[in-house]
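See below for input_22.csv, which holds CSV, C-alpha atoms.
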```csv
chain,number,residue,atom,x,y,z
A,132,MET,CA,-49.6,-92.3,147.4
A,133,ASP,CA,-50.6,-90.7,144.2
A,134,ASP,CA,-53.3,-92.1,141.9
A,135,ARG,CA,-50.9,-94.1,139.7
A,136,SER,CA,-49.3,-95.8,142.6
A,137,LEU,CA,-52.6,-96.6,144.1
A,138,VAL,CA,-53.9,-98.2,140.9
A,139,GLU,CA,-50.7,-100.1,140.4
A,140,ALA,CA,-51.0,-101.5,143.9
A,141,VAL,CA,-54.6,-102.5,143.4
A,142,THR,CA,-53.8,-104.3,140.1
A,143,SER,CA,-51.0,-106.1,141.9
A,144,GLY,CA,-53.4,-107.5,144.4
A,145,ASP,CA,-53.3,-105.0,147.2
A,146,ARG,CA,-56.8,-104.7,148.6
A,147,ASP,CA,-55.8,-102.1,151.1
A,148,ALA,CA,-54.9,-99.8,148.2
A,149,PHE,CA,-58.5,-100.0,147.0
A,150,ARG,CA,-59.7,-99.2,150.5
A,151,ALA,CA,-57.6,-96.1,150.4
A,152,ILE,CA,-59.2,-95.1,147.1
A,153,VAL,CA,-62.7,-95.6,148.5
A,154,GLU,CA,-61.9,-93.6,151.6
A,155,GLN,CA,-60.3,-90.9,149.5
A,156,GLU,CA,-63.0,-90.5,146.9
A,157,GLY,CA,-66.0,-92.1,148.5
A,158,THR,CA,-67.6,-88.9,149.7
A,159,ALA,CA,-67.2,-87.1,146.4
A,160,VAL,CA,-68.6,-90.0,144.5
A,161,PHE,CA,-71.5,-90.4,146.9
A,162,ARG,CA,-72.3,-86.6,146.6
A,163,THR,CA,-72.2,-86.7,142.9
A,164,CYS,CA,-74.7,-89.6,142.9
A,165,PHE,CA,-76.9,-87.9,145.5
A,166,ARG,CA,-77.1,-84.6,143.5
A,167,ILE,CA,-78.3,-86.5,140.5
A,168,LEU,CA,-80.6,-89.0,142.2
A,169,GLY,CA,-81.8,-87.0,145.2
A,170,ARG,CA,-82.1,-90.0,147.6
A,171,VAL,CA,-79.6,-91.2,150.1
A,172,GLY,CA,-80.4,-94.9,149.6
A,173,ASP,CA,-80.2,-94.7,145.8
A,174,ALA,CA,-77.1,-92.6,145.9
A,175,GLU,CA,-75.3,-95.1,148.1
A,176,ASP,CA,-76.3,-97.9,145.8
A,177,ALA,CA,-75.2,-96.0,142.8
A,178,ALA,CA,-71.9,-95.0,144.5
A,179,GLN,CA,-71.2,-98.6,145.5
A,180,GLU,CA,-72.0,-99.9,142.1
A,181,SER,CA,-69.7,-97.2,140.6
A,182,PHE,CA,-66.8,-98.4,142.8
A,183,VAL,CA,-67.4,-102.0,141.8
A,184,ILE,CA,-67.3,-101.0,138.1
A,185,ALA,CA,-64.2,-98.9,138.7
A,186,TYR,CA,-62.5,-101.9,140.4
A,187,ARG,CA,-63.2,-104.2,137.5
A,188,SER,CA,-62.0,-101.5,135.0
A,189,LEU,CA,-58.9,-100.4,136.9
A,190,GLY,CA,-56.8,-102.3,134.4
A,191,THR,CA,-57.9,-99.8,131.7
A,192,PHE,CA,-57.1,-96.7,133.7
A,193,ARG,CA,-54.4,-95.0,131.8
A,194,GLY,CA,-53.6,-92.2,134.2
A,195,ASP,CA,-54.0,-89.5,131.6
A,196,GLY,CA,-56.5,-87.7,133.9
A,197,SER,CA,-57.1,-87.8,137.6
A,198,LEU,CA,-58.5,-90.8,139.3
A,199,ALA,CA,-61.2,-88.6,140.9
A,200,GLY,CA,-62.3,-87.5,137.4
A,201,TRP,CA,-62.4,-91.0,136.2
A,202,LEU,CA,-64.5,-92.1,139.1
A,203,ALA,CA,-66.7,-89.1,138.8
A,204,ARG,CA,-67.5,-90.0,135.3
A,205,ILE,CA,-68.4,-93.5,136.2
A,206,ALA,CA,-70.6,-92.3,139.0
A,207,THR,CA,-72.3,-89.7,136.8
A,208,ARG,CA,-73.1,-92.3,134.2
A,209,GLN,CA,-74.3,-94.8,136.7
A,210,SER,CA,-76.6,-92.3,138.4
A,211,LEU,CA,-78.0,-90.9,135.2
A,212,ARG,CA,-78.7,-94.5,134.1
A,213,ARG,CA,-80.5,-95.2,137.3
A,214,LEU,CA,-82.4,-92.0,137.0
A,215,GLY,CA,-83.6,-93.0,133.6
A,216,GLN,CA,-84.8,-96.3,135.0
A,217,ARG,CA,-86.7,-94.7,137.8
A,218,HIS,CA,-90.4,-94.5,137.2
A,219,ASP,CA,-91.9,-93.7,140.6
A,220,ALA,CA,-92.6,-90.2,141.9
A,221,GLU,CA,-90.2,-88.7,144.3
A,222,PRO,CA,-91.5,-88.9,147.8
A,223,LEU,CA,-91.3,-85.9,150.1
A,224,ASP,CA,-90.8,-87.7,153.4
A,225,VAL,CA,-87.7,-89.7,152.7
A,226,PRO,CA,-84.8,-88.4,154.8
A,227,GLY,CA,-82.2,-86.8,152.7
A,228,THR,CA,-84.5,-85.6,150.0
A,229,PRO,CA,-85.4,-82.0,149.5
A,230,GLY,CA,-88.7,-81.3,151.2
A,231,ALA,CA,-88.2,-83.8,154.0
A,232,ASN,CA,-88.9,-82.4,157.4
A,233,LEU,CA,-90.9,-79.5,156.0
A,234,GLY,CA,-92.2,-77.3,158.7
A,235,ALA,CA,-89.5,-78.3,161.2
A,236,GLY,CA,-87.5,-75.1,160.6
A,237,PRO,CA,-88.2,-71.5,161.4
A,238,ASP,CA,-89.3,-70.7,157.8
A,239,PRO,CA,-91.4,-73.6,156.5
A,240,LEU,CA,-92.6,-71.6,153.5
A,241,GLY,CA,-89.1,-70.6,152.5
A,242,GLU,CA,-87.9,-74.2,152.9
A,243,ALA,CA,-90.7,-75.5,150.8
A,244,ILE,CA,-89.8,-73.0,148.0
A,245,ALA,CA,-86.1,-73.8,148.3
A,246,ALA,CA,-86.9,-77.6,148.1
A,247,GLU,CA,-89.1,-77.1,145.1
A,248,ARG,CA,-86.4,-75.1,143.4
A,249,GLN,CA,-83.9,-77.8,144.1
A,250,ARG,CA,-86.2,-80.3,142.5
A,251,ALA,CA,-86.6,-78.0,139.5
A,252,VAL,CA,-82.8,-77.8,139.1
A,253,ARG,CA,-82.4,-81.5,139.3
A,254,ARG,CA,-85.2,-82.1,136.8
A,255,ALA,CA,-83.8,-79.5,134.5
A,256,VAL,CA,-80.3,-81.0,134.5
A,257,ALA,CA,-81.7,-84.5,134.1
A,258,GLY,CA,-83.8,-83.3,131.2
A,259,LEU,CA,-80.8,-82.0,129.2
A,260,ARG,CA,-79.7,-84.0,126.2
A,261,GLU,CA,-76.4,-85.7,126.0
A,262,PRO,CA,-73.6,-84.7,125.9
A,263,TYR,CA,-74.7,-81.4,127.6
A,264,ARG,CA,-76.1,-83.3,130.6
A,265,GLU,CA,-73.0,-85.2,131.3
A,266,VAL,CA,-70.8,-82.1,131.1
A,267,VAL,CA,-73.0,-80.0,133.3
A,268,ALA,CA,-73.2,-82.8,135.9
A,269,LEU,CA,-69.5,-83.3,135.9
A,270,ARG,CA,-68.8,-79.6,136.2
A,271,PHE,CA,-71.4,-78.7,138.9
A,272,PHE,CA,-72.4,-82.0,140.6
A,273,ALA,CA,-69.0,-83.7,140.5
A,274,GLU,CA,-67.2,-80.3,140.8
A,275,LEU,CA,-64.6,-81.2,138.2
A,276,SER,CA,-62.6,-78.6,136.3
A,277,LEU,CA,-63.0,-78.3,132.6
A,278,GLN,CA,-59.6,-79.8,132.1
A,279,GLU,CA,-60.5,-82.8,134.3
A,280,ILE,CA,-63.8,-83.2,132.3
A,281,ALA,CA,-61.8,-83.2,129.1
A,282,ALA,CA,-59.4,-85.8,130.4
A,283,ALA,CA,-62.2,-88.0,131.9
A,284,THR,CA,-64.4,-87.9,128.8
A,285,GLY,CA,-61.6,-88.0,126.2
A,286,ARG,CA,-63.0,-84.9,124.5
A,287,PRO,CA,-61.0,-81.9,123.4
A,288,LEU,CA,-61.2,-79.0,125.9
A,289,GLY,CA,-62.8,-76.7,123.3
A,290,THR,CA,-65.6,-79.3,122.8
A,291,VAL,CA,-66.1,-79.5,126.5
A,292,LYS,CA,-66.4,-75.7,126.7
A,293,THR,CA,-68.9,-75.7,123.9
A,294,HIS,CA,-71.0,-78.4,125.5
A,295,LEU,CA,-71.0,-76.6,128.8
A,296,HIS,CA,-71.9,-73.3,127.2
A,297,ARG,CA,-74.8,-74.8,125.4
A,298,GLY,CA,-75.9,-76.8,128.4
A,299,LEU,CA,-76.0,-73.8,130.6
A,300,GLY,CA,-77.9,-71.9,127.9
A,301,ARG,CA,-80.6,-74.6,127.8
A,302,LEU,CA,-80.7,-74.8,131.5
A,303,ARG,CA,-81.3,-71.1,131.7
A,304,ASP,CA,-84.3,-71.4,129.4
A,305,GLU,CA,-85.6,-74.4,131.3
A,306,LEU,CA,-85.2,-72.8,134.7
A,307,ALA,CA,-86.7,-69.6,133.5
A,308,GLY,CA,-89.8,-71.5,132.3
A,309,GLU,CA,-90.0,-73.3,135.7
A,310,ALA,CA,-89.8,-70.0,137.6
A,311,LEU,CA,-92.6,-68.6,135.5
A,312,SER,CA,-94.8,-71.6,135.9
B,112,MET,CA,-61.8,-81.7,142.0
B,113,SER,CA,-62.7,-78.1,141.2
B,114,ARG,CA,-64.0,-76.2,144.1
B,115,GLU,CA,-63.6,-72.9,142.3
B,116,PRO,CA,-66.8,-71.1,141.5
B,117,PHE,CA,-67.8,-71.0,137.9
B,118,ASP,CA,-66.4,-68.1,135.9
B,119,PRO,CA,-67.9,-67.4,132.4
B,120,ARG,CA,-64.3,-66.6,131.2
B,121,GLU,CA,-63.7,-70.4,131.5
B,122,LEU,CA,-65.7,-70.7,128.3
B,123,ALA,CA,-63.8,-68.0,126.4
B,124,ASP,CA,-62.8,-70.4,123.7
B,125,GLY,CA,-66.2,-71.9,123.4
B,126,GLN,CA,-67.1,-72.2,119.8
B,127,ALA,CA,-70.8,-72.1,119.8
B,128,PRO,CA,-72.3,-69.1,121.7
B,129,VAL,CA,-75.9,-69.6,122.8
B,130,GLU,CA,-78.1,-67.1,121.3
B,131,GLY,CA,-79.3,-64.6,123.9
B,132,ALA,CA,-77.2,-66.2,126.6
B,133,GLY,CA,-74.6,-63.7,127.8
B,134,ASP,CA,-72.0,-64.1,130.4
B,135,ASP,CA,-74.4,-62.8,133.1
B,136,ASP,CA,-77.1,-65.3,132.1
B,137,LEU,CA,-74.6,-68.2,132.3
B,138,ALA,CA,-73.2,-66.9,135.6
B,139,THR,CA,-76.7,-66.8,137.0
B,140,VAL,CA,-77.4,-70.3,136.1
B,141,ALA,CA,-74.0,-71.4,137.3
B,142,ARG,CA,-74.6,-69.7,140.7
B,143,GLU,CA,-77.9,-71.6,141.0
B,144,LEU,CA,-76.2,-74.9,140.2
B,145,GLU,CA,-73.5,-74.2,142.8
B,146,ALA,CA,-76.1,-73.3,145.4
B,147,PHE,CA,-77.9,-76.5,144.6
B,148,ALA,CA,-74.7,-78.5,145.0
B,149,ALA,CA,-73.8,-76.8,148.3
B,150,ALA,CA,-77.2,-77.5,149.7
B,151,GLU,CA,-77.1,-81.2,148.6
B,152,SER,CA,-73.8,-82.3,150.2
B,153,PRO,CA,-74.5,-85.1,152.6
B,154,ARG,CA,-72.0,-87.6,153.6
B,155,PRO,CA,-72.3,-91.3,153.0
B,156,SER,CA,-73.0,-93.6,155.9
B,157,PRO,CA,-70.1,-94.7,158.0
B,158,ALA,CA,-70.4,-98.3,156.7
B,159,PHE,CA,-70.2,-97.2,153.1
B,160,THR,CA,-66.5,-98.1,152.7
B,161,GLU,CA,-67.0,-101.5,154.2
B,162,HIS,CA,-70.0,-102.1,152.0
B,163,VAL,CA,-67.9,-101.3,148.9
B,164,LEU,CA,-65.0,-103.5,150.0
B,165,ALA,CA,-67.4,-106.3,150.7
B,166,ALA,CA,-68.8,-105.9,147.2
B,167,VAL,CA,-65.4,-106.3,145.6
B,168,GLU,CA,-64.1,-108.9,147.9
B,169,HIS,CA,-64.9,-111.8,145.6
B,170,GLU,CA,-64.0,-109.9,142.4
B,171,PRO,CA,-60.9,-111.2,140.7
B,172,LEU,CA,-57.9,-108.9,140.5
B,173,PRO,CA,-58.5,-106.2,137.9
B,174,THR,CA,-55.4,-107.0,135.9
B,175,PRO,CA,-55.4,-105.9,132.2
B,176,PRO,CA,-55.7,-109.5,130.9
B,177,ARG,CA,-58.6,-110.0,133.2
B,178,THR,CA,-60.2,-106.7,132.3
B,179,PHE,CA,-59.9,-107.7,128.6
B,180,LEU,CA,-61.8,-110.9,129.2
B,181,VAL,CA,-64.5,-109.1,131.2
B,182,ALA,CA,-64.9,-106.5,128.5
B,183,LEU,CA,-65.1,-109.3,125.9
B,184,ALA,CA,-67.8,-111.1,127.9
B,185,MET,CA,-69.7,-107.8,128.2
B,186,LEU,CA,-69.5,-107.4,124.4
B,187,ASP,CA,-68.4,-103.8,124.9
B,188,PRO,CA,-66.2,-102.9,121.9
B,189,ARG,CA,-64.8,-99.7,123.4
B,190,ALA,CA,-63.9,-101.5,126.7
B,191,VAL,CA,-62.3,-104.3,124.7
B,192,TRP,CA,-60.3,-101.8,122.7
B,193,ARG,CA,-59.1,-100.0,125.9
B,194,ALA,CA,-58.3,-103.3,127.6
B,195,LEU,CA,-56.3,-104.4,124.5
B,196,GLY,CA,-54.4,-101.2,124.6
B,197,ALA,CA,-53.6,-101.7,128.3
B,198,ASN,CA,-52.4,-105.2,127.5
B,199,VAL,CA,-50.2,-103.9,124.7
B,200,ARG,CA,-48.7,-101.4,127.1
B,201,LEU,CA,-48.2,-104.0,129.7
B,202,ALA,CA,-46.6,-106.5,127.3
B,203,ALA,CA,-44.3,-103.7,125.9
B,204,GLY,CA,-42.8,-103.3,129.3
B,205,GLY,CA,-44.8,-100.5,130.8
B,206,SER,CA,-47.6,-100.9,133.3
B,207,GLY,CA,-50.9,-101.9,131.8
B,208,SER,CA,-52.7,-99.3,133.9
B,209,GLY,CA,-50.4,-96.5,132.9
B,210,THR,CA,-48.7,-96.5,136.2
B,211,ALA,CA,-45.0,-96.3,136.9
B,212,GLY,CA,-42.8,-99.1,137.8
B,213,PRO,CA,-42.0,-102.4,136.1
B,214,PRO,CA,-44.9,-104.9,136.0
B,215,ARG,CA,-44.7,-108.3,137.5
B,216,LEU,CA,-43.3,-110.9,135.2
B,217,ALA,CA,-46.3,-113.2,135.6
B,218,LEU,CA,-48.6,-110.4,134.7
B,219,ARG,CA,-46.6,-109.4,131.7
B,220,LEU,CA,-46.5,-113.0,130.5
B,221,GLN,CA,-50.3,-113.2,130.8
B,222,ALA,CA,-50.6,-110.0,128.7
B,223,VAL,CA,-48.2,-111.4,126.0
B,224,ALA,CA,-50.1,-114.7,125.9
B,225,LEU,CA,-53.4,-112.9,125.6
B,226,LEU,CA,-52.1,-110.7,122.8
B,227,LEU,CA,-50.7,-113.8,121.0
B,228,ALA,CA,-54.1,-115.5,121.3
B,229,VAL,CA,-55.8,-112.4,119.9
B,230,VAL,CA,-53.4,-112.2,117.0
B,231,LEU,CA,-53.9,-115.8,116.2
B,232,ILE,CA,-57.6,-115.5,116.4
B,233,VAL,CA,-57.7,-112.4,114.3
B,234,ALA,CA,-55.3,-113.9,111.7
B,235,GLY,CA,-57.2,-117.2,111.7
B,236,GLY,CA,-60.4,-115.4,111.3
B,237,GLY,CA,-59.0,-113.4,108.5
B,238,THR,CA,-57.7,-116.4,106.7
B,239,ALA,CA,-61.0,-118.3,107.2
B,240,GLY,CA,-62.8,-115.2,105.9
B,241,ALA,CA,-60.6,-115.0,102.9
B,242,VAL,CA,-61.0,-118.7,102.1
B,243,GLY,CA,-64.7,-118.5,102.6
B,244,ALA,CA,-65.0,-115.4,100.4
B,245,ALA,CA,-63.0,-117.2,97.7
B,246,ALA,CA,-65.2,-120.3,98.0
B,247,PHE,CA,-68.2,-118.1,97.8
B,248,VAL,CA,-67.0,-116.3,94.7
B,249,GLN,CA,-66.1,-119.5,93.1
B,250,ALA,CA,-69.5,-121.0,93.9
B,251,ILE,CA,-71.1,-117.9,92.3
B,252,GLY,CA,-68.7,-118.3,89.4
B,253,ASN,CA,-69.8,-121.9,89.0
B,254,VAL,CA,-73.5,-121.0,89.1
B,255,ARG,CA,-73.3,-118.1,86.7
B,256,PRO,CA,-72.0,-120.0,83.6
B,257,GLY,CA,-75.2,-122.0,83.5
B,258,PRO,CA,-77.4,-119.1,82.7
B,259,THR,CA,-74.9,-117.6,80.4
B,260,GLN,CA,-74.8,-120.8,78.5
B,261,THR,CA,-78.5,-120.9,78.2
B,262,LEU,CA,-78.7,-117.3,77.2
B,263,PRO,CA,-76.9,-117.5,73.9
B,264,PRO,CA,-79.6,-119.7,72.4
B,265,THR,CA,-82.2,-117.2,73.5
B,266,GLU,CA,-80.3,-114.2,72.3
B,267,PRO,CA,-80.0,-115.1,68.6
B,268,PRO,CA,-83.7,-115.6,68.2
B,269,SER,CA,-84.3,-112.4,70.0
B,270,LEU,CA,-81.9,-110.6,67.9
B,271,LEU,CA,-83.0,-111.9,64.6
B,272,PRO,CA,-86.7,-110.9,65.0
B,273,THR,CA,-85.7,-107.5,66.2
B,274,THR,CA,-83.4,-106.9,63.3
B,275,THR,CA,-85.7,-108.4,60.6
B,276,PRO,CA,-88.7,-106.3,61.6
B,277,THR,CA,-86.6,-103.2,61.4
B,278,HIS,CA,-85.4,-104.3,58.1
B,279,HIS,CA,-88.9,-104.9,56.9
B,280,ASP,CA,-90.1,-101.6,58.2
B,281,GLU,CA,-87.4,-99.7,56.6
B,282,PRO,CA,-86.7,-99.9,52.9
B,283,SER,CA,-86.2,-103.6,52.6
B,284,PRO,CA,-84.2,-103.7,49.4
B,285,GLY,CA,-81.3,-101.7,50.9
B,286,HIS,CA,-81.1,-103.9,53.9
B,287,THR,CA,-81.5,-107.1,52.1
B,288,GLU,CA,-78.7,-106.1,49.9
B,289,THR,CA,-76.5,-105.4,52.9
B,290,ALA,CA,-77.2,-108.8,54.2
B,291,GLU,CA,-76.4,-110.4,50.9
B,292,PRO,CA,-72.9,-109.2,50.6
B,293,SER,CA,-71.9,-111.2,53.5
B,294,GLU,CA,-73.1,-114.2,51.6
B,295,THR,CA,-71.5,-113.0,48.4
B,296,ALA,CA,-68.3,-112.7,50.2
B,297,GLU,CA,-67.9,-116.4,49.8
B,298,PRO,CA,-68.3,-116.2,46.1
B,299,SER,CA,-65.8,-113.5,46.0
B,300,GLU,CA,-63.4,-115.8,47.7
B,301,SER,CA,-64.2,-118.3,45.0
B,302,GLU,CA,-63.2,-115.7,42.5
B,303,HIS,CA,-59.7,-115.4,44.0
B,304,PRO,CA,-58.7,-118.8,43.0
B,305,ASP,CA,-59.6,-117.7,39.5
B,306,ALA,CA,-57.5,-114.6,40.0
B,307,HIS,CA,-54.7,-116.8,41.2
B,308,GLU,CA,-55.0,-118.9,38.1
B,309,THR,CA,-54.8,-115.9,35.8
B,310,PRO,CA,-51.7,-114.3,37.3
B,311,GLU,CA,-49.7,-117.4,36.4
B,312,PRO,CA,-49.7,-116.5,32.8
B,313,SER,CA,-49.3,-112.8,33.5
B,314,GLU,CA,-46.2,-113.4,35.6
B,315,SER,CA,-44.4,-114.3,32.5
B,316,GLU,CA,-45.4,-110.8,31.2
B,317,HIS,CA,-44.3,-108.8,34.3
B,318,PRO,CA,-40.6,-109.3,34.2
B,319,GLU,CA,-40.5,-107.9,30.8
B,320,ALA,CA,-42.5,-104.9,31.7
B,321,SER,CA,-40.5,-104.2,34.9
B,322,GLU,CA,-37.2,-104.5,33.2
B,323,ASP,CA,-38.2,-102.1,30.5
B,324,ASP,CA,-39.8,-99.5,32.8
B,325,HIS,CA,-37.3,-99.2,35.6
B,326,GLY,CA,-34.2,-99.6,33.6
B,327,GLY,CA,-31.2,-99.0,35.8
B,328,SER,CA,-33.1,-97.6,38.7
B,329,GLY,CA,-32.0,-100.5,40.8
B,330,GLY,CA,-35.4,-101.7,41.6
B,331,GLY,CA,-35.3,-105.1,43.1
B,332,PRO,CA,-37.7,-107.9,42.4
B,333,SER,CA,-41.0,-106.1,42.6
B,334,PRO,CA,-43.9,-107.9,44.0
B,335,TYR,CA,-46.2,-105.3,42.5
B,336,PRO,CA,-45.1,-105.2,38.9
B,337,SER,CA,-48.5,-104.6,37.6
B,338,SER,CA,-48.7,-101.1,39.1
B,339,SER,CA,-45.3,-100.0,37.9
B,340,ALA,CA,-45.9,-101.5,34.6
B,341,ASP,CA,-48.5,-98.9,33.8
B,342,PRO,CA,-47.3,-96.5,31.2
B,343,SER,CA,-48.7,-93.6,33.2
B,344,ASP,CA,-46.0,-94.0,35.8
B,345,ASP,CA,-43.8,-90.9,35.9
B,346,HIS,CA,-40.7,-92.8,37.1
B,347,GLY,CA,-40.8,-95.0,34.1
B,348,GLY,CA,-38.0,-95.1,31.8
B,349,ASN,CA,-40.1,-94.3,28.8
B,350,ASP,CA,-39.1,-90.6,28.8
```

Re-express the file's structure as structure tokens.
Amino acid sequence: MDDRSLVEAVTSGDRDAFRAIVEQEGTAVFRTCFRILGRVGDAEDAAQESFVIAYRSLGTFRGDGSLAGWLARIATRQSLRRLGQRHDAEPLDVPGTPGANLGAGPDPLGEAIAAERQRAVRRAVAGLREPYREVVALRFFAELSLQEIAAATGRPLGTVKTHLHRGLGRLRDELAGEALS
Amino acid sequence: MSREPFDPRELADGQAPVEGAGDDDLATVARELEAFAAAESPRPSPAFTEHVLAAVEHEPLPTPPRTFLVALAMLDPRAVWRALGANVRLAAGGSGSGTAGPPRLALRLQAVALLLAVVLIVAGGGTAGAVGAAAFVQAIGNVRPGPTQTLPPTEPPSLLPTTTPTHHDEPSPGHTETAEPSETAEPSESEHPDAHETPEPSESEHPEASEDDHGGSGGGPSPYPSSSADPSDDHGGND
């Protein structure tokens, strides 16, 4: 079934159609949330919340873009909102977070450096201003194409390109500063 | 989903180049983001799907009319607008969710009823607003004449002192003379009756003068005989 048929089936009362959507897009939505939030538990909560919001809003899905892009945008916004509400420091020993199980591999120093770099990347993306942050997250965390981003956000393709260009430029400056520090 | 690696040529039409950020710089950042995404690609727990389905189990069906009400309750104007559009599409015969196939009749009737209710509410609100605005304007109009009626008594005293000092400061005789003619206008009117009285005897003189001056020029009864009666008139028949 294609996206339109699935949505039509759900709005007609077919719960199994929604199960098919969750099974089809669940992993991608969860990964998007995890790349933004960095914790498995938070990512699952955010992904579940995203699907609930999507279910309630399925009546407004126009089908102009892909269902995957529509869901990815909801997940990205939910995750960024959760990230903004988070005040505690990121623990190192939570499974699924970068830095967990440090010293277990053959190159603990390399793993520690890589984990720190991943945290720096996540911080840099989270620190971007809107709309650059959303476009960068949709392109690299949700792995959407520029056309999919344009359809999901309702922005012209040229605007999406400009936002991504500027977002990457600012990320370059931010990550260069992180590397120096 | 795009699994293709980032290529700076994707941004070829980008309208705002970042100063100092060339294609290589952008590609380097993009490679780092892609490496990050590849390293951070866990899978959700096996029970994830069941958790999601359990979360939506008690949710009502996401039909366009229902979505509109939810958006309205959330006071989200953009969601309300989108849901309204979905209901319009559904009522017009298409699927509210943009999907193919004819919608169910009951669902379509719900959308039509909802749109009618929205139209009635909007029209009623507009009418009430217009009536309220008219009443407000009328109330203001009723309040304003009060001050305007009280103003005229205050204005004449304020005008008279301002004019009289200026008259007194400046050469007073000239201004007092200009003020007087308005009063002397009445006497001048009283002179007119005298003038009306004097023409009566002169009317008996005019016909004679007019007949003599114009001769056969064919002039009709002239209401201004005195001017043509002057001997200085070139058209006169005295030549």

Compile the contact shell of stretch 218-234 of chain B as an MDAnalysis selection string: residues with an atom at most 10 Å away, counting all atoms listed in the file, same-chain residues fewer than 4 positions apart removed.
-> (chainID A and resid 142:143) or (chainID B and resid 174:177 179:180 195:207 213:214 238:240)

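Each of A:Pro237, A:Gly285, A:Gly169, A:Gly194 was checked against A:Glu139 using all atoms listed in the file; the smallest atom-to-atom distance is that of A:Gly194.
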
Give the answer as one residue: which of B:Ala138, B:Ala194, B:His169, B:Ala149 has the shortest atom-to-atom distance to chain A, using all atoms listed in the file?
-> B:Ala194

Determine, counting only C-alpha atoms, which protein, DNA and RNA residues have an atom within 9 Å of an atom of stretch 190-192 of chain B; residues of the same chain fewer than 5 positions away are not included. Present the result as a PyMOL selection string.
-> (chain A and resi 188+191) or (chain B and resi 178-183+185+197)

Which of these residues is nearest to A:Val183, using all atoms listed in the file: A:Gly200, A:Ile167, A:Ile152, A:Leu306?
-> A:Ile152

Would you kindly return, as a short mmCIF file (atom, residue, chain, number, x, y, z; two decimals) with C-alpha atoms, keeping the file's coordinate frame, each protein, DNA or RNA residue with an atom no farther than 10 Å from any atom of A:Gly298, considering all atoms listed in the file and excluding same-chain residues fewer than 3 positions away?
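As a result, around.cif now contains:
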```cif
data_model
loop_
_atom_site.label_atom_id
_atom_site.label_comp_id
_atom_site.auth_asym_id
_atom_site.auth_seq_id
_atom_site.Cartn_x
_atom_site.Cartn_y
_atom_site.Cartn_z
CA VAL A 256 -80.30 -81.00 134.50
CA LEU A 259 -80.80 -82.00 129.20
CA ARG A 260 -79.70 -84.00 126.20
CA GLU A 261 -76.40 -85.70 126.00
CA PRO A 262 -73.60 -84.70 125.90
CA TYR A 263 -74.70 -81.40 127.60
CA ARG A 264 -76.10 -83.30 130.60
CA GLU A 265 -73.00 -85.20 131.30
CA VAL A 266 -70.80 -82.10 131.10
CA VAL A 267 -73.00 -80.00 133.30
CA ALA A 268 -73.20 -82.80 135.90
CA LYS A 292 -66.40 -75.70 126.70
CA THR A 293 -68.90 -75.70 123.90
CA HIS A 294 -71.00 -78.40 125.50
CA LEU A 295 -71.00 -76.60 128.80
CA ARG A 301 -80.60 -74.60 127.80
CA LEU A 302 -80.70 -74.80 131.50
CA ARG A 303 -81.30 -71.10 131.70
CA VAL B 129 -75.90 -69.60 122.80
CA LEU B 137 -74.60 -68.20 132.30
#
```

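Minimum atom-to-atom distances from A:Arg253, A:Asp133, A:Arg297, A:Leu168 to A:Ala151 were compared using only C-alpha atoms, and the lowest value belongs to A:Asp133.
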
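When atom CA of A:Cys164 is paired with atom CA of A:Val252, their separation reads 14.8 Å.
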
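Distance-wise, atom CA of A:Thr207 and atom CA of A:Thr163 end up 6.8 Å apart.
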
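Between atom CA of B:Thr139 and atom CA of A:Leu202 the separation is 28.2 Å.
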
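When only C-alpha atoms are used to measure the gap to A:Arg217, the shortest distance among A:Asp173, A:Glu279, A:Asp134, A:Asp145 belongs to A:Asp173.
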